[in-house]
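This report refers to the structure that appears directly beneath it.
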Amino acid sequence: MEKMIYLKDVVTLQLNEKNCSGCGMCVVVCPHAVLSMNNGKVQIENRDSCMECGACAMNCPTHAVTVQAGVGCAAAVINAALGRDGACCCVVEPSGDSENNRGKICC
Ligand code: SF4
Ligand code: SF4
């Protein structure tokens with residue numbers, strides 16, 4: 001399966017593991033499989049795949065996960081759809097067996 005990625009090392013996603021109760025809600029709602037469970041606590045597995053949609057933070061009962069929603073890729077996609085300025089910022093990583101081995105723009 002192709003993996004969506006965002007610009008490297010710019011995502012505002014933060015995790016405070018001490019506050020995580022291990023409920024798993026953030027893992028369930030994340031559309032890009034950024035988060036995963038590890039020994040009863042959540043971990044950030046694919047940071048650069050985060051589109052800063054804010055769903056994880058909105059559904060975290062302990063505020064262990066935070067993100068500055070509306071500034072990243074999700075905002076760019078919405079702005080592009082509405083004809084506003086703002087280019088889409090993500091690409092799809094090549095699967096490896098593709099004839100075209102270059103990343104594709106996601107939107
Ligand atoms: S902000 Fe959205 S994409 Fe990023 S980790 Fe949270 S739910 Fe996943
Ligand atoms: S929603 Fe919050 S408390 Fe629940 S697993 Fe995710 S970070 Fe931990």
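Starting from 1 in every chain, residues are counted up; chains themselves are A, B, ... following the order of the structure tokens, and ligands are numbered from 1 as listed.
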Around ligand 2, at most 7 Å away and counting only C-alpha atoms and all ligand atoms, which residues are there? Put them as a JSON list (two decimals) with C-alpha atoms, in the first residue's frame, please.
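Below is the file pocket_0.json, written as the result:
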[["chain", "number", "residue", "atom", "x", "y", "z"],
["A", 15, "LEU", "CA", 2.92, 13.34, 22.41],
["A", 19, "ASN", "CA", -0.47, 11.51, 30.19],
["A", 20, "CYS", "CA", -1.50, 8.68, 27.86],
["A", 21, "SER", "CA", -4.09, 6.34, 29.39],
["A", 22, "GLY", "CA", -3.79, 3.88, 26.52],
["A", 23, "CYS", "CA", -7.41, 4.19, 25.41],
["A", 24, "GLY", "CA", -6.42, 3.91, 21.73],
["A", 25, "MET", "CA", -8.87, 6.54, 20.44],
["A", 26, "CYS", "CA", -6.17, 8.50, 18.61],
["A", 27, "VAL", "CA", -5.08, 5.37, 16.77],
["A", 41, "LYS", "CA", 0.84, 3.42, 25.39],
["A", 42, "VAL", "CA", 0.55, 5.23, 22.11],
["A", 56, "CYS", "CA", -6.26, 12.63, 17.45],
["A", 59, "ASN", "CA", -10.49, 12.67, 20.67],
["A", 60, "CYS", "CA", -7.78, 12.32, 23.33],
["A", 61, "PRO", "CA", -9.43, 12.36, 26.77],
["A", 62, "THR", "CA", -6.20, 13.22, 28.60],
["A", 63, "HIS", "CA", -4.71, 15.79, 26.20],
["A", 64, "ALA", "CA", -1.65, 13.58, 25.82],
["A", 65, "VAL", "CA", -1.51, 14.23, 22.10]]
**Message:** Using only C-alpha atoms and all ligand atoms, which residues have at least one atom no more than 9 Å from ligand 1? Output them as a ChimeraX atom specification.
**Reply:** /A:11-14,26-35,44,46-59,65-69,74
Take the residues from that selection and write them out as a short mmCIF file (atom, residue, chain, number, x, y, z; two decimals), in the first residue's frame, keeping N, CA and C atoms.
data_model
loop_
_atom_site.label_atom_id
_atom_site.label_comp_id
_atom_site.auth_asym_id
_atom_site.auth_seq_id
_atom_site.Cartn_x
_atom_site.Cartn_y
_atom_site.Cartn_z
N VAL A 11 6.06 18.73 11.13
CA VAL A 11 4.75 18.47 11.74
C VAL A 11 4.74 18.92 13.20
N THR A 12 3.64 19.51 13.62
CA THR A 12 3.53 20.05 14.97
C THR A 12 3.01 19.02 15.97
N LEU A 13 2.81 17.80 15.55
CA LEU A 13 2.29 16.74 16.42
C LEU A 13 3.22 16.51 17.61
N GLN A 14 2.63 16.49 18.82
CA GLN A 14 3.39 16.26 20.04
C GLN A 14 2.69 15.20 20.87
N CYS A 26 -6.94 7.77 19.63
CA CYS A 26 -6.17 8.50 18.61
C CYS A 26 -5.76 7.57 17.47
N VAL A 27 -5.46 6.34 17.80
CA VAL A 27 -5.08 5.37 16.77
C VAL A 27 -6.28 5.07 15.87
N VAL A 28 -7.45 4.96 16.47
CA VAL A 28 -8.67 4.64 15.72
C VAL A 28 -9.03 5.76 14.74
N VAL A 29 -8.92 7.01 15.18
CA VAL A 29 -9.40 8.12 14.35
C VAL A 29 -8.37 8.64 13.35
N CYS A 30 -7.11 8.30 13.52
CA CYS A 30 -6.08 8.85 12.62
C CYS A 30 -6.24 8.29 11.21
N PRO A 31 -6.40 9.14 10.21
CA PRO A 31 -6.60 8.66 8.83
C PRO A 31 -5.32 8.20 8.14
N HIS A 32 -4.17 8.49 8.71
CA HIS A 32 -2.91 8.16 8.03
C HIS A 32 -2.04 7.19 8.81
N ALA A 33 -2.60 6.50 9.80
CA ALA A 33 -1.84 5.50 10.57
C ALA A 33 -0.52 6.08 11.10
N VAL A 34 -0.61 7.29 11.62
CA VAL A 34 0.57 7.94 12.18
C VAL A 34 0.92 7.34 13.54
N LEU A 35 -0.11 6.92 14.26
CA LEU A 35 0.06 6.47 15.64
C LEU A 35 -0.18 4.97 15.76
N ILE A 44 4.31 7.55 18.33
CA ILE A 44 4.27 8.14 16.99
C ILE A 44 5.11 7.26 16.08
N ASN A 46 4.69 7.15 12.35
CA ASN A 46 4.97 7.75 11.03
C ASN A 46 4.74 9.26 11.09
N ARG A 47 5.62 9.95 11.79
CA ARG A 47 5.42 11.39 12.03
C ARG A 47 5.20 12.16 10.73
N ASP A 48 5.98 11.88 9.72
CA ASP A 48 5.91 12.67 8.49
C ASP A 48 4.66 12.36 7.66
N SER A 49 3.86 11.38 8.10
CA SER A 49 2.59 11.11 7.42
C SER A 49 1.45 11.93 8.02
N CYS A 50 1.71 12.64 9.12
CA CYS A 50 0.66 13.42 9.78
C CYS A 50 0.25 14.59 8.90
N MET A 51 -1.07 14.74 8.69
CA MET A 51 -1.59 15.85 7.88
C MET A 51 -2.18 16.95 8.76
N GLU A 52 -1.94 16.88 10.05
CA GLU A 52 -2.36 17.91 11.01
C GLU A 52 -3.86 18.18 10.94
N CYS A 53 -4.63 17.10 10.82
CA CYS A 53 -6.08 17.25 10.77
C CYS A 53 -6.67 17.55 12.15
N GLY A 54 -5.98 17.12 13.21
CA GLY A 54 -6.43 17.40 14.57
C GLY A 54 -7.35 16.36 15.18
N ALA A 55 -7.68 15.31 14.47
CA ALA A 55 -8.62 14.31 14.98
C ALA A 55 -8.11 13.61 16.23
N CYS A 56 -6.82 13.33 16.27
CA CYS A 56 -6.26 12.63 17.45
C CYS A 56 -6.39 13.50 18.69
N ALA A 57 -5.99 14.75 18.60
CA ALA A 57 -6.05 15.65 19.74
C ALA A 57 -7.49 15.89 20.19
N MET A 58 -8.39 15.99 19.22
CA MET A 58 -9.80 16.24 19.55
C MET A 58 -10.41 15.07 20.31
N ASN A 59 -9.91 13.87 20.06
CA ASN A 59 -10.49 12.67 20.67
C ASN A 59 -9.67 12.13 21.84
N VAL A 65 -1.96 13.96 23.46
CA VAL A 65 -1.51 14.23 22.10
C VAL A 65 -2.05 15.60 21.68
N THR A 66 -1.18 16.40 21.11
CA THR A 66 -1.56 17.73 20.66
C THR A 66 -1.02 17.96 19.26
N VAL A 67 -1.67 18.81 18.52
CA VAL A 67 -1.21 19.16 17.18
C VAL A 67 -1.84 20.50 16.82
N GLN A 68 -1.11 21.29 16.08
CA GLN A 68 -1.62 22.57 15.63
C GLN A 68 -2.41 22.33 14.35
N ALA A 69 -3.70 22.07 14.50
CA ALA A 69 -4.53 21.72 13.35
C ALA A 69 -4.79 22.93 12.47
N ALA A 74 -3.75 19.25 5.57
CA ALA A 74 -5.20 19.25 5.50
C ALA A 74 -5.71 20.62 5.08
#
Write out as a PDB file with C-alpha atoms, in the first residue's frame the set of residues from segment 6-73 of chain A that DSSP, computed on the backbone, places in strand (DSSP E).
ATOM      1  CA  GLN A  14       3.388  16.260  20.045  1.00  0.00           C
ATOM      2  CA  LEU A  15       2.921  13.339  22.414  1.00  0.00           C
ATOM      3  CA  LEU A  35       0.060   6.471  15.644  1.00  0.00           C
ATOM      4  CA  SER A  36       0.224   2.958  17.031  1.00  0.00           C
ATOM      5  CA  MET A  37      -0.013   1.227  20.402  1.00  0.00           C
ATOM      6  CA  ASN A  38       3.090  -0.134  22.126  1.00  0.00           C
ATOM      7  CA  LYS A  41       0.840   3.418  25.391  1.00  0.00           C
ATOM      8  CA  VAL A  42       0.554   5.231  22.110  1.00  0.00           C
ATOM      9  CA  GLN A  43       3.645   5.990  20.048  1.00  0.00           C
ATOM     10  CA  ILE A  44       4.272   8.139  16.989  1.00  0.00           C
ATOM     11  CA  VAL A  65      -1.509  14.232  22.097  1.00  0.00           C
ATOM     12  CA  THR A  66      -1.564  17.730  20.661  1.00  0.00           C
TER      13      THR A  66
END
